[in-house]
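J.: Got a file for you: my_file-v2.cif, mmCIF, C-alpha atoms.
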data_data
loop_
_atom_site.label_atom_id
_atom_site.label_comp_id
_atom_site.auth_asym_id
_atom_site.auth_seq_id
_atom_site.Cartn_x
_atom_site.Cartn_y
_atom_site.Cartn_z
CA MET S 1381 -93.16 -1.22 113.05
CA LYS S 1382 -91.76 -2.23 109.66
CA LEU S 1383 -88.06 -3.01 109.37
CA ALA S 1384 -87.80 -0.21 106.79
CA GLU S 1385 -88.92 2.27 109.49
CA ILE S 1386 -86.34 0.95 111.95
CA LYS S 1387 -83.67 1.44 109.30
CA GLU S 1388 -84.88 5.03 108.78
CA ILE S 1389 -85.06 5.86 112.50
CA LEU S 1390 -81.55 4.53 113.14
CA GLN S 1391 -80.25 5.98 109.84
CA ALA S 1392 -78.78 2.52 109.47
CA GLU S 1393 -76.86 0.88 106.70
CA ILE S 1394 -77.91 -2.61 105.56
CA LEU S 1395 -74.95 -4.99 105.55
CA THR S 1396 -76.63 -8.23 104.44
CA THR S 1397 -78.40 -9.21 101.22
CA GLU S 1398 -81.05 -10.43 103.65
CA PHE S 1399 -83.42 -7.50 104.26
CA ASP S 1400 -87.20 -7.51 104.11
CA PRO S 1401 -88.41 -3.90 104.48
CA GLU S 1402 -91.93 -5.20 105.16
CA LEU S 1403 -90.87 -7.37 108.12
CA ASP S 1404 -92.94 -6.50 111.19
CA ILE S 1405 -90.94 -5.86 114.35
CA GLU S 1406 -92.86 -5.04 117.52
CA ILE S 1407 -90.28 -5.63 120.24
CA GLY S 1408 -86.72 -4.49 120.81
CA CYS S 1409 -83.99 -5.83 123.04
CA SER S 1410 -80.47 -4.71 123.75
CA SER S 1411 -77.56 -6.22 125.63
CA ASP S 1412 -73.94 -7.14 125.14
CA LEU S 1413 -74.53 -10.17 127.30
CA MET S 1414 -75.82 -12.93 125.07
CA SER S 1415 -77.23 -14.99 127.93
CA ASP S 1416 -79.54 -12.07 128.75
CA ILE S 1417 -80.74 -12.10 125.16
CA LEU S 1418 -81.32 -15.85 125.29
CA ALA S 1419 -83.16 -15.50 128.59
CA PHE S 1420 -85.44 -12.58 127.85
CA ALA S 1421 -85.64 -11.64 124.17
CA GLN S 1422 -88.95 -12.35 122.45
CA PRO S 1423 -89.02 -14.12 119.09
CA GLY S 1424 -89.13 -11.62 116.24
CA SER S 1425 -87.40 -8.80 118.15
CA VAL S 1426 -84.67 -6.52 116.87
CA LEU S 1427 -81.39 -6.90 118.77
CA VAL S 1428 -79.29 -3.76 119.33
CA THR S 1429 -75.76 -4.55 120.51
CA SER S 1430 -72.22 -3.25 120.56
CA LEU S 1431 -70.81 -6.76 120.89
CA ILE S 1432 -69.52 -7.96 117.54
CA ASN S 1433 -68.71 -11.61 117.01
CA VAL S 1434 -70.19 -14.67 115.38
CA GLN S 1435 -71.92 -15.72 118.62
CA VAL S 1436 -74.18 -12.66 118.35
CA ILE S 1437 -75.54 -14.16 115.11
CA ASN S 1438 -75.81 -17.63 116.68
CA THR S 1439 -77.64 -16.14 119.65
CA ALA S 1440 -80.04 -14.29 117.35
CA ASN S 1441 -80.64 -17.45 115.34
CA ILE S 1442 -81.27 -19.61 118.40
CA ALA S 1443 -83.55 -16.98 119.97
CA ASP S 1444 -85.58 -16.49 116.73
CA ILE S 1445 -84.35 -12.91 116.26
CA LYS S 1446 -84.40 -11.86 112.62
CA VAL S 1447 -82.65 -8.48 112.81
CA VAL S 1448 -79.39 -7.46 114.49
CA CYS S 1449 -78.18 -3.85 114.61
CA PHE S 1450 -74.56 -3.09 115.48
CA VAL S 1451 -74.00 0.34 117.04
CA MET S 1452 -71.34 3.09 116.94
CA ASP S 1453 -70.49 2.47 113.30
CA LYS S 1454 -68.67 -0.77 114.13
CA ASP S 1455 -67.94 -2.89 111.06
CA PRO S 1456 -68.41 -6.61 111.54
CA HIS S 1457 -66.02 -8.99 109.80
CA GLN S 1458 -67.32 -10.34 106.46
CA SER S 1459 -67.54 -13.85 107.96
CA ILE S 1460 -70.15 -12.55 110.43
CA ILE S 1461 -72.23 -11.06 107.62
CA THR S 1462 -71.99 -14.29 105.59
CA HIS S 1463 -73.00 -16.31 108.65
CA ALA S 1464 -76.02 -14.03 109.19
CA GLU S 1465 -77.10 -14.38 105.56
CA LYS S 1466 -76.83 -18.16 105.82
CA ASN S 1467 -79.22 -18.02 108.77
CA SER S 1468 -81.63 -15.51 107.16
CA ILE S 1469 -80.78 -12.76 109.64
CA ALA S 1470 -80.62 -9.14 108.54
CA VAL S 1471 -77.65 -7.14 109.87
CA LEU S 1472 -77.65 -3.35 110.10
CA LYS S 1473 -75.12 -0.88 111.42
CA THR S 1474 -75.71 2.61 112.74
CA LYS S 1475 -73.65 5.58 113.88
CA PHE S 1476 -75.77 5.94 117.02
CA THR S 1477 -74.74 4.53 120.41
CA THR S 1478 -76.70 1.73 122.08
CA PHE S 1479 -78.31 4.31 124.36
CA GLU S 1480 -79.39 6.49 121.44
CA CYS S 1481 -80.69 3.53 119.41
CA CYS S 1482 -82.84 2.27 122.24
CA GLY S 1483 -84.10 5.78 123.01
CA LEU S 1484 -85.03 6.47 119.39
CA LEU S 1485 -86.77 3.13 118.88
CA TYR S 1486 -88.61 3.36 122.21
CA MET S 1487 -89.75 6.91 121.45
CA ASN S 1488 -91.10 5.74 118.11
CA GLY S 1489 -93.22 3.07 119.75
CA LEU S 1490 -91.14 -0.10 119.78
CA LYS S 1491 -91.94 -2.15 122.89
CA SER S 1492 -89.50 -3.72 125.33
CA CYS S 1493 -89.36 -7.44 126.07
CA ASN S 1494 -90.92 -8.77 129.27
CA TYR S 1495 -88.38 -9.36 131.95
CA THR S 1496 -88.55 -11.27 135.21
CA LYS S 1497 -85.54 -11.37 137.47
CA PHE S 1498 -84.04 -14.76 138.21
CA ASP S 1499 -84.66 -15.80 141.81
CA ASN S 1500 -81.60 -15.24 143.99
CA PHE S 1501 -79.71 -13.37 141.30
CA LYS S 1502 -76.51 -11.89 142.73
CA THR S 1503 -73.21 -10.68 141.41
CA TYR S 1504 -70.15 -12.42 142.77
CA ILE S 1505 -66.58 -11.26 143.02
CA ILE S 1506 -64.17 -14.11 142.59
CA MET Y 856 -113.07 -32.08 93.48
CA ASN Y 857 -111.92 -30.88 96.83
CA ASN Y 858 -108.69 -29.80 95.24
CA LEU Y 859 -110.56 -27.79 92.64
CA ILE Y 860 -112.51 -25.98 95.32
CA HIS Y 861 -109.31 -25.37 97.21
CA GLU Y 862 -107.56 -23.96 94.12
CA THR Y 863 -110.50 -21.72 93.23
CA SER Y 864 -110.70 -20.21 96.67
CA LYS Y 865 -106.92 -19.73 96.57
CA ILE Y 866 -107.24 -17.68 93.37
CA GLN Y 867 -110.03 -15.63 94.92
CA GLU Y 868 -107.80 -15.02 97.92
CA ILE Y 869 -105.00 -13.86 95.63
CA THR Y 870 -107.27 -11.37 93.84
CA TYR Y 871 -107.91 -9.75 97.21
CA GLU Y 872 -104.26 -9.93 98.34
CA LEU Y 873 -102.63 -8.55 95.19
CA LYS Y 874 -102.93 -4.88 94.33
CA ILE Y 875 -103.36 -3.56 90.81
CA GLN Y 876 -99.90 -1.97 91.00
CA ASP Y 877 -98.42 -5.45 91.60
CA VAL Y 878 -99.50 -6.75 88.22
CA MET Y 879 -100.01 -3.68 85.95
CA ASP Y 880 -97.73 -2.94 83.02
CA THR Y 881 -95.59 0.10 83.83
CA GLU Y 882 -93.71 0.18 80.52
CA TYR Y 883 -96.74 1.20 78.58
CA GLN Y 884 -97.07 3.14 75.32
CA THR Y 885 -98.94 6.44 75.10
CA VAL Y 886 -99.91 8.77 72.24
CA ASN Y 887 -100.87 12.47 72.28
CA SER Y 888 -104.16 13.87 71.06
CA GLY Y 889 -102.54 15.79 68.23
CA MET Y 890 -101.29 12.64 66.51
CA ALA Y 891 -102.80 11.79 63.11
CA VAL Y 892 -105.03 8.72 63.12
CA GLY Y 893 -102.91 7.31 60.27
CA SER Y 894 -99.81 7.28 62.50
CA LEU Y 895 -101.75 5.56 65.27
CA ARG Y 896 -101.88 2.40 63.15
CA GLU Y 897 -98.07 2.25 63.16
CA VAL Y 898 -97.91 2.56 66.95
CA LEU Y 899 -100.48 -0.20 67.50
CA ARG Y 900 -98.85 -2.46 64.92
CA LYS Y 901 -95.26 -1.97 66.14
CA LYS Y 902 -96.10 -2.47 69.79
CA ARG Y 903 -98.60 -5.27 68.99
CA ILE Y 904 -101.22 -3.64 71.17
CA LEU Y 905 -104.95 -3.15 70.65
CA GLY Y 906 -105.36 0.14 72.46
CA VAL Y 907 -103.40 3.01 73.95
CA PRO Y 908 -104.04 5.85 76.42
CA VAL Y 909 -103.89 9.40 75.13
CA VAL Y 910 -101.73 11.69 77.24
CA ASP Y 911 -101.14 15.42 76.76
CA GLY Y 912 -98.19 16.56 78.85
CA THR Y 913 -98.70 14.45 81.95
CA ASP Y 914 -102.50 14.42 81.86
CA LEU Y 915 -104.56 11.46 80.75
CA VAL Y 916 -107.09 12.92 78.30
CA GLY Y 917 -108.55 9.83 76.62
CA ILE Y 918 -108.12 6.32 75.37
CA VAL Y 919 -108.15 4.97 71.85
CA SER Y 920 -108.51 1.40 70.59
CA ILE Y 921 -108.18 -0.56 67.37
CA GLU Y 922 -111.99 -0.48 67.00
CA ASP Y 923 -111.93 3.33 67.01
CA PHE Y 924 -109.28 3.15 64.31
CA ILE Y 925 -111.36 0.75 62.17
CA LYS Y 926 -114.38 3.05 62.46
CA CYS Y 927 -112.24 5.99 61.26
CA MET Y 928 -111.04 3.91 58.35
CA GLU Y 929 -114.60 2.97 57.37
CA ASN Y 930 -115.63 6.62 57.48
CA GLY Y 931 -112.54 7.80 55.60
CA LYS Y 932 -111.32 9.92 58.49
CA LEU Y 933 -107.71 8.71 58.65
CA GLY Y 934 -106.40 12.26 58.26
CA GLU Y 935 -108.00 13.51 61.46
CA THR Y 936 -106.28 13.68 64.84
CA VAL Y 937 -106.50 11.13 67.63
CA GLY Y 938 -108.15 13.79 69.82
CA THR Y 939 -111.26 13.87 67.62
CA MET Y 940 -111.98 10.16 67.74
CA MET Y 941 -110.71 9.03 71.18
CA THR Y 942 -112.99 8.07 74.06
CA MET Y 943 -112.79 10.98 76.48
CA ASP Y 944 -114.82 9.54 79.33
CA VAL Y 945 -112.03 7.16 80.40
CA LYS Y 946 -112.77 4.54 83.02
CA THR Y 947 -109.70 4.20 85.23
CA LEU Y 948 -108.52 2.20 88.23
CA PHE Y 949 -106.37 3.26 91.17
CA ALA Y 950 -102.97 1.57 91.56
CA ASP Y 951 -103.56 0.75 95.24
CA GLU Y 952 -106.92 -0.97 94.69
CA PRO Y 953 -107.06 -4.76 95.14
CA LEU Y 954 -106.94 -6.85 91.98
CA ILE Y 955 -110.53 -7.97 92.51
CA THR Y 956 -111.69 -4.42 91.68
CA ALA Y 957 -110.04 -4.73 88.27
CA VAL Y 958 -111.59 -8.18 87.71
CA ASN Y 959 -115.04 -6.74 88.48
CA LYS Y 960 -114.53 -3.68 86.26
CA PHE Y 961 -113.47 -5.87 83.33
CA GLU Y 962 -116.67 -7.85 83.79
CA GLU Y 963 -118.84 -4.74 84.20
CA TYR Y 964 -117.58 -2.77 81.16
CA GLY Y 965 -116.31 -5.51 78.85
CA PHE Y 966 -113.22 -3.38 78.06
CA SER Y 967 -109.86 -4.92 77.15
CA ARG Y 968 -107.72 -2.51 79.16
CA PHE Y 969 -107.86 0.13 81.88
CA PRO Y 970 -105.42 2.98 82.50
CA VAL Y 971 -104.18 2.91 86.11
CA ILE Y 972 -103.96 6.18 88.05
CA SER Y 973 -102.02 7.06 91.20
CA ARG Y 974 -104.44 8.05 93.95
CA GLN Y 975 -101.93 10.58 95.30
CA THR Y 976 -100.95 12.39 92.09
CA GLY Y 977 -103.89 11.61 89.82
CA LYS Y 978 -101.39 10.81 87.06
CA LEU Y 979 -101.23 7.76 84.81
CA VAL Y 980 -98.84 5.13 86.25
CA GLY Y 981 -99.70 1.98 84.29
CA ILE Y 982 -102.02 -0.05 82.09
CA ILE Y 983 -103.77 -3.24 83.07
CA THR Y 984 -105.13 -5.92 80.72
CA LYS Y 985 -106.70 -9.31 81.46
CA ILE Y 986 -103.38 -10.89 80.50
CA ASP Y 987 -101.61 -8.88 83.23
CA ILE Y 988 -104.13 -10.19 85.74
CA ILE Y 989 -103.62 -13.82 84.68
CA LYS Y 990 -99.82 -13.41 84.73
CA GLY Y 991 -99.95 -11.86 88.21
CA ILE Y 992 -102.12 -14.64 89.60
CA LEU Y 993 -99.94 -17.36 88.06
CA LYS Y 994 -96.80 -15.81 89.50
CA LYS Y 995 -98.36 -15.63 92.95
CA LEU Y 996 -99.61 -19.23 92.68
CA GLU Y 997 -96.10 -20.34 91.71
CA THR Y 998 -94.66 -18.72 94.87
CA ALA Y 999 -97.35 -20.35 96.97
CA TYR Y 1000 -96.54 -23.68 95.32
CA GLN Y 1001 -92.83 -23.27 96.12
CA HIS Y 1002 -93.65 -22.66 99.78
CA GLU Y 1003 -95.84 -25.78 99.74
CA GLU Y 1004 -92.94 -27.78 98.27
CA GLU Y 1005 -90.59 -26.47 100.97
CA ARG Y 1006 -93.12 -27.48 103.59
CA ARG Y 1007 -93.36 -30.97 102.11
CA TYR Y 1008 -89.58 -31.20 102.08
CA ARG Y 1009 -89.72 -31.03 105.83
CA ALA Y 1010 -89.33 -34.43 107.38
CA SER Y 1011 -92.27 -33.98 109.74
CA HIS Y 1012 -94.12 -36.86 108.08
CA ILE Y 1013 -91.40 -39.21 109.31
CA PHE Y 1014 -93.28 -39.67 112.57
CA ASN Y 1015 -96.44 -40.61 110.67
CA ASP Y 1016 -94.85 -42.71 107.92
CA ILE Y 1017 -92.79 -45.05 110.03
CA VAL Y 1018 -94.73 -48.05 111.33
CA ALA Y 1019 -93.70 -48.69 114.92
CA ASP Y 1020 -95.21 -48.44 118.38
CA ASP Y 1021 -92.88 -45.59 119.17
CA ILE Y 1022 -90.05 -43.80 117.40
CA SER Y 1023 -86.88 -42.29 118.74
CA ILE Y 1024 -84.29 -40.39 116.74
CA ASP Y 1025 -80.78 -40.05 118.14
CA LEU Y 1026 -78.52 -37.25 116.99
CA LYS Y 1027 -74.94 -36.79 118.10
CA TYR Y 1028 -72.81 -33.64 117.91
CA PHE Y 1029 -69.11 -33.45 118.80
CA ILE Y 1030 -67.91 -30.22 120.37
CA GLU Y 1031 -64.39 -28.87 120.17
CA GLY Y 1032 -63.26 -27.09 123.35
CA LYS Y 1033 -61.81 -23.54 123.38
CA ASN Y 1034 -62.79 -22.99 119.74
CA PHE Y 1035 -65.18 -20.06 119.91
CA ASP Y 1036 -65.51 -19.73 116.14
CA LYS Y 1037 -67.18 -23.12 115.93
CA ALA Y 1038 -69.24 -22.72 119.10
CA GLY Y 1039 -72.94 -22.83 118.28
CA GLU Y 1040 -72.62 -25.10 115.23
CA ALA Y 1041 -74.14 -28.07 117.06
CA SER Y 1042 -77.07 -26.06 118.43
CA THR Y 1043 -77.82 -24.34 115.13
CA GLY Y 1044 -77.61 -27.74 113.41
CA LEU Y 1045 -80.01 -29.21 115.95
CA LYS Y 1046 -82.34 -26.25 115.44
CA LYS Y 1047 -82.43 -26.80 111.69
CA THR Y 1048 -83.17 -30.50 112.20
CA LEU Y 1049 -85.95 -29.92 114.74
CA ASN Y 1050 -87.53 -27.35 112.41
CA ARG Y 1051 -87.45 -29.86 109.56
CA LEU Y 1052 -89.00 -32.48 111.77
CA GLY Y 1053 -91.87 -30.05 112.19
CA PHE Y 1054 -91.65 -29.35 115.93
CA PRO Y 1055 -93.48 -26.18 117.07
CA PRO Y 1056 -91.24 -23.07 117.10
CA ASP Y 1057 -91.54 -22.52 120.88
CA ILE Y 1058 -90.37 -26.10 121.58
CA VAL Y 1059 -87.47 -25.72 119.16
CA ARG Y 1060 -86.54 -22.41 120.75
CA ARG Y 1061 -86.53 -23.79 124.29
CA VAL Y 1062 -84.56 -26.90 123.37
CA THR Y 1063 -81.94 -25.02 121.38
CA ILE Y 1064 -81.48 -22.12 123.83
CA SER Y 1065 -80.63 -24.64 126.55
CA THR Y 1066 -78.43 -26.69 124.21
CA TYR Y 1067 -76.61 -23.57 123.04
CA GLU Y 1068 -75.83 -22.50 126.62
CA ALA Y 1069 -74.51 -26.02 127.31
CA GLU Y 1070 -72.43 -25.92 124.13
CA ILE Y 1071 -70.93 -22.56 125.15
CA ASN Y 1072 -70.04 -24.13 128.52
CA ILE Y 1073 -68.21 -27.04 126.84
CA VAL Y 1074 -66.28 -24.61 124.62
CA SER Y 1075 -65.50 -22.26 127.52
CA TYR Y 1076 -64.34 -24.71 130.16
CA THR Y 1077 -63.39 -28.06 128.58
CA ASP Y 1078 -61.26 -29.58 125.85
CA LYS Y 1079 -64.03 -31.54 124.21
CA GLY Y 1080 -67.53 -32.83 124.72
CA GLU Y 1081 -70.62 -34.31 123.11
CA ILE Y 1082 -74.24 -33.32 122.71
CA HIS Y 1083 -76.63 -36.21 122.31
CA ALA Y 1084 -80.25 -35.48 121.39
CA PHE Y 1085 -82.93 -38.15 121.84
CA ILE Y 1086 -86.04 -37.11 119.98
CA ASP Y 1087 -89.21 -38.99 120.86
CA SER Y 1088 -92.79 -38.35 119.85
CA ASN Y 1089 -93.56 -36.77 123.24
CA GLN Y 1090 -90.28 -35.27 124.46
CA ILE Y 1091 -86.82 -34.10 123.49
CA ARG Y 1092 -84.07 -35.22 125.84
CA ILE Y 1093 -80.58 -33.75 125.57
CA VAL Y 1094 -77.52 -35.32 127.21
CA VAL Y 1095 -74.38 -33.20 127.27
CA THR Y 1096 -71.14 -34.80 128.42
CA ASP Y 1097 -67.56 -33.62 128.59
CA THR Y 1098 -64.24 -34.89 129.82
CA GLY Y 1099 -63.48 -31.74 131.39
CA PRO Y 1100 -62.28 -30.32 134.55
CA GLY Y 1101 -65.59 -30.90 136.38
CA ILE Y 1102 -67.59 -28.53 138.60
CA LEU Y 1103 -66.27 -27.98 142.11
CA ASP Y 1104 -69.55 -26.89 143.71
CA ILE Y 1105 -72.68 -27.65 141.65
CA GLU Y 1106 -75.00 -25.84 144.06
CA LYS Y 1107 -72.95 -22.68 143.68
CA ALA Y 1108 -72.64 -23.12 139.91
CA MET Y 1109 -76.44 -23.14 139.66
CA LEU Y 1110 -76.74 -19.72 141.38
CA PRO Y 1111 -77.76 -17.02 138.90
CA GLY Y 1112 -74.87 -14.59 138.54
CA PHE Y 1113 -72.19 -16.98 139.78
CA SER Y 1114 -69.43 -17.65 137.29
CA THR Y 1115 -65.84 -18.80 137.12
CA ALA Y 1116 -65.54 -17.93 133.44
CA PRO Y 1117 -62.19 -16.59 132.27
CA GLY Y 1118 -61.94 -13.09 130.79
CA TRP Y 1119 -61.95 -14.22 127.16
CA VAL Y 1120 -65.35 -15.90 127.59
CA ARG Y 1121 -66.79 -12.75 129.16
CA GLU Y 1122 -65.46 -10.62 126.32
CA LEU Y 1123 -67.44 -12.79 123.92
CA GLY Y 1124 -70.73 -12.03 125.63
CA PHE Y 1125 -71.05 -15.03 127.94
CA GLY Y 1126 -69.72 -16.13 131.32
CA ALA Y 1127 -71.93 -13.96 133.49
CA GLY Y 1128 -73.35 -16.79 135.51
CA MET Y 1129 -76.51 -17.11 133.48
CA GLY Y 1130 -75.85 -20.28 131.49
CA LEU Y 1131 -77.04 -22.96 133.91
CA PRO Y 1132 -79.96 -20.84 135.22
CA ASN Y 1133 -81.01 -20.28 131.61
CA ILE Y 1134 -80.89 -24.02 130.93
CA LYS Y 1135 -83.09 -24.58 133.96
CA LYS Y 1136 -85.46 -21.82 132.90
CA PHE Y 1137 -86.13 -23.25 129.45
CA THR Y 1138 -86.32 -26.98 130.21
CA ASP Y 1139 -88.82 -29.11 132.12
CA LYS Y 1140 -86.24 -31.37 133.77
CA MET Y 1141 -82.57 -30.77 134.42
CA THR Y 1142 -79.99 -33.01 136.07
CA LEU Y 1143 -76.38 -31.98 136.51
CA GLU Y 1144 -73.68 -34.37 137.73
CA SER Y 1145 -70.00 -33.69 137.88
CA VAL Y 1146 -66.78 -35.21 139.18
CA VAL Y 1147 -63.81 -32.90 139.48
CA GLY Y 1148 -60.99 -34.08 137.24
CA GLU Y 1149 -63.26 -36.43 135.29
CA GLY Y 1150 -66.07 -34.53 133.67
CA THR Y 1151 -69.65 -33.30 133.72
CA ARG Y 1152 -72.96 -34.76 132.56
CA LEU Y 1153 -75.99 -32.59 131.99
CA GLU Y 1154 -79.37 -34.04 131.10
CA THR Y 1155 -82.37 -31.94 130.14
CA VAL Y 1156 -85.88 -32.82 128.99
CA VAL Y 1157 -88.43 -30.69 127.22
CA PHE Y 1158 -91.92 -32.20 127.08
CA LEU Y 1159 -93.88 -31.42 123.94
CA ASP Y 1160 -97.04 -30.70 125.91
CA SER Y 1161 -95.31 -28.78 128.71
CA ASN Y 1162 -96.93 -25.61 130.03
CA LYS Y 1163 -93.60 -23.77 129.82
CA ASN Y 1164 -94.37 -23.46 126.12
CA LYS Y 1165 -96.46 -20.44 126.97
CA LEU Y 1166 -93.31 -18.57 128.06
#
Could you render the structure as structure tokens?
T.:
Amino acid sequence: MKLAEIKEILQAEILTTEFDPELDIEIGCSSDLMSDILAFAQPGSVLVTSLINVQVINTANIADIKVVCFVMDKDPHQSIITHAEKNSIAVLKTKFTTFECCGLLYMNGLKSCNYTKFDNFKTYII
Amino acid sequence: MNNLIHETSKIQEITYELKIQDVMDTEYQTVNSGMAVGSLREVLRKKRILGVPVVDGTDLVGIVSIEDFIKCMENGKLGETVGTMMTMDVKTLFADEPLITAVNKFEEYGFSRFPVISRQTGKLVGIITKIDIIKGILKKLETAYQHEEERRYRASHIFNDIVADDISIDLKYFIEGKNFDKAGEASTGLKKTLNRLGFPPDIVRRVTISTYEAEINIVSYTDKGEIHAFIDSNQIRIVVTDTGPGILDIEKAMLPGFSTAPGWVRELGFGAGMGLPNIKKFTDKMTLESVVGEGTRLETVVFLDSNKNKL
């Protein structure tokens, strides 16, 4: 799927000067937990998230993710956009919720990343 | 000689890659068939062109060239209209055809220009001349050359150029604790450097994901720390040290999902007990030592030929 199609499907607004409509994106991932993204996202995915801070861009950069889409019409601070541009990452924003974004992209054929549970994963209450 | 062959095949490649619409002239001049041949001279002279398509309304009806004009002049027919002397059987090209089609058509017909038609609408959308083709190829070659320059700028040759039995590059990054705005600077810096050194993307990704998680840990839990990268020709070893409160129970800290992170770290998208397991997942060797009240030392190794690269 071309990035231009993703933008259309999510009725998204482009926030960065960085935007290649011809960029091929085959896989999508979504989480507000950046460690999950680092653990499971495939290089070249689109990241859908409602978390907005500079570490989202760093996470994308480190995980070889070229496109980040912020949901629910949240406006990132200009410093986040500048940081993304410096790292050649395109940033979009959409009015849809995370749930809607993932549903729309999945319905239109975007694949999910492979996921294998960590051995012994538990949640702890401290 | 080899270079020449290389360049020639590159140009051939470009003529298949580029489409006619990429190089055609879209700000072209047209005339209508009712125009007097005498006025045609002015159009050709002013625009410094040797031929022009004839369009009535939005339909391409013919093409007329300077040769047609000269013939008219010889026969004393300058008062007639363009429609009577134009070539009506116009050879055209489609905008979405590869450039090679245009090259072949120029060779086949010996014409100087072709009108370009949209396959969808059938309407005229541009004009292509041999000059447009040359310009298009040169522009594409220039871009390719720039990419080649960027590639050369990479320091990957450093490992080949230096004469030694083995090479090791040491890089040091200082991390400021509790400063989340700066968190990630060391890891992104390391990533840039490893890319420039020409390491494969999957190696760079694994090394920097684990380094980034370690950096986030320093920022989250300690006042300051250091990341030390030892880059050898067969492995990348990262040593992360801090002076920070230390880990009470390392075994527990390694459990996926276990975390003692404060609320502000969790709000920033980390601190869910995935950091150390992630580091383990992406590296080939991991050693973690810690003394409460003194600090923590983490050492990881990624082997360049490791089978985890398939991950």
J.: Which residues are close to Lys1446 of chain S, i.e. within 10 Å by all atoms listed in the file, leaving aside same-chain residues fewer than 6 positions away? Reply as a list in words.
T.: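 Here the qualifying residues turn out to be Glu1398, Phe1399, Asp1400, Leu1403, Ile1405, Pro1423, Gly1424, Ser1425, Val1426, Leu1427, Ile1437, Ala1440, Ala1464, Asn1467, Ser1468, Ile1469, Ala1470 and Val1471 of chain S.
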J.: Given the point (-112.0, 8.0, 72.4) in the file's coordinates, find the residues that have an atom at most 7 Å from it, counting only C-alpha atoms, and give them as a PyMOL selection string.
T.: chain Y and resi 917-919+940-943
J.: Write out, as CSV, each residue of chain S that has an atom at most 9 Å from chain Y, together with the closest pair of atoms and their distance in Å to one decimal, counting only C-alpha atoms, rows going by chain and rising number.
T.:
residue,atom,partner,partner_atom,distance
S:Ser1411,CA,Y:Gly1124,CA,9.0
S:Asp1412,CA,Y:Gly1124,CA,5.9
S:Leu1413,CA,Y:Gly1124,CA,4.5
S:Met1414,CA,Y:Gly1124,CA,5.2
S:Ser1415,CA,Y:Met1129,CA,6.0
S:Asp1416,CA,Y:Met1129,CA,7.5
S:Leu1418,CA,Y:Ile1064,CA,6.4
S:Ala1419,CA,Y:Asn1133,CA,6.0
S:Pro1423,CA,Y:Arg1060,CA,8.8
S:Leu1431,CA,Y:Gly1124,CA,7.1
S:Ile1432,CA,Y:Leu1123,CA,8.3
S:Asn1433,CA,Y:Leu1123,CA,7.1
S:Val1434,CA,Y:Asp1036,CA,6.9
S:Gln1435,CA,Y:Gly1039,CA,7.2
S:Val1436,CA,Y:Gly1124,CA,8.1
S:Asn1438,CA,Y:Gly1039,CA,6.2
S:Thr1439,CA,Y:Tyr1067,CA,8.2
S:Asn1441,CA,Y:Thr1043,CA,7.4
S:Ile1442,CA,Y:Ile1064,CA,6.0
S:Ala1443,CA,Y:Arg1060,CA,6.2
S:Asp1444,CA,Y:Arg1060,CA,7.2
S:Phe1498,CA,Y:Pro1111,CA,6.7
S:Asp1499,CA,Y:Pro1111,CA,7.6
S:Asn1500,CA,Y:Pro1111,CA,6.6
S:Phe1501,CA,Y:Pro1111,CA,4.8
S:Lys1502,CA,Y:Gly1112,CA,5.2
S:Thr1503,CA,Y:Gly1112,CA,5.1
S:Tyr1504,CA,Y:Phe1113,CA,5.8
S:Ile1505,CA,Y:Phe1113,CA,8.6
S:Ile1506,CA,Y:Thr1115,CA,7.4
J.: By how many Å are atom CA of Ile1082 of chain Y and atom CA of Asp1025 of chain Y apart?
T.: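 Atom-to-atom, atom CA of Ile1082 of chain Y and atom CA of Asp1025 of chain Y are spaced 10.4 Å apart.
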J.: Have a look at atom CA of Ile1445 of chain S and atom CA of Leu1472 of chain S and let me know their distance in Å, one decimal.
T.: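 Between these atoms lies a distance of 13.2 Å.
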J.: Could you list, as a list in words, every residue matched by the PyMOL selection byres ((chain S and resi 1473) around 10) in this structure?
T.: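 The output of the PyMOL selection byres ((chain S and resi 1473) around 10) on this file is Lys1387, Leu1390, Gln1391, Ala1392, Glu1393, Ile1394, Leu1395, Val1428, Thr1429, Ser1430, Val1448, Cys1449, Phe1450, Val1451, Met1452, Asp1453, Lys1454, Asp1455, Pro1456, Val1471, Leu1472, Thr1474, Lys1475 and Phe1476 of chain S.
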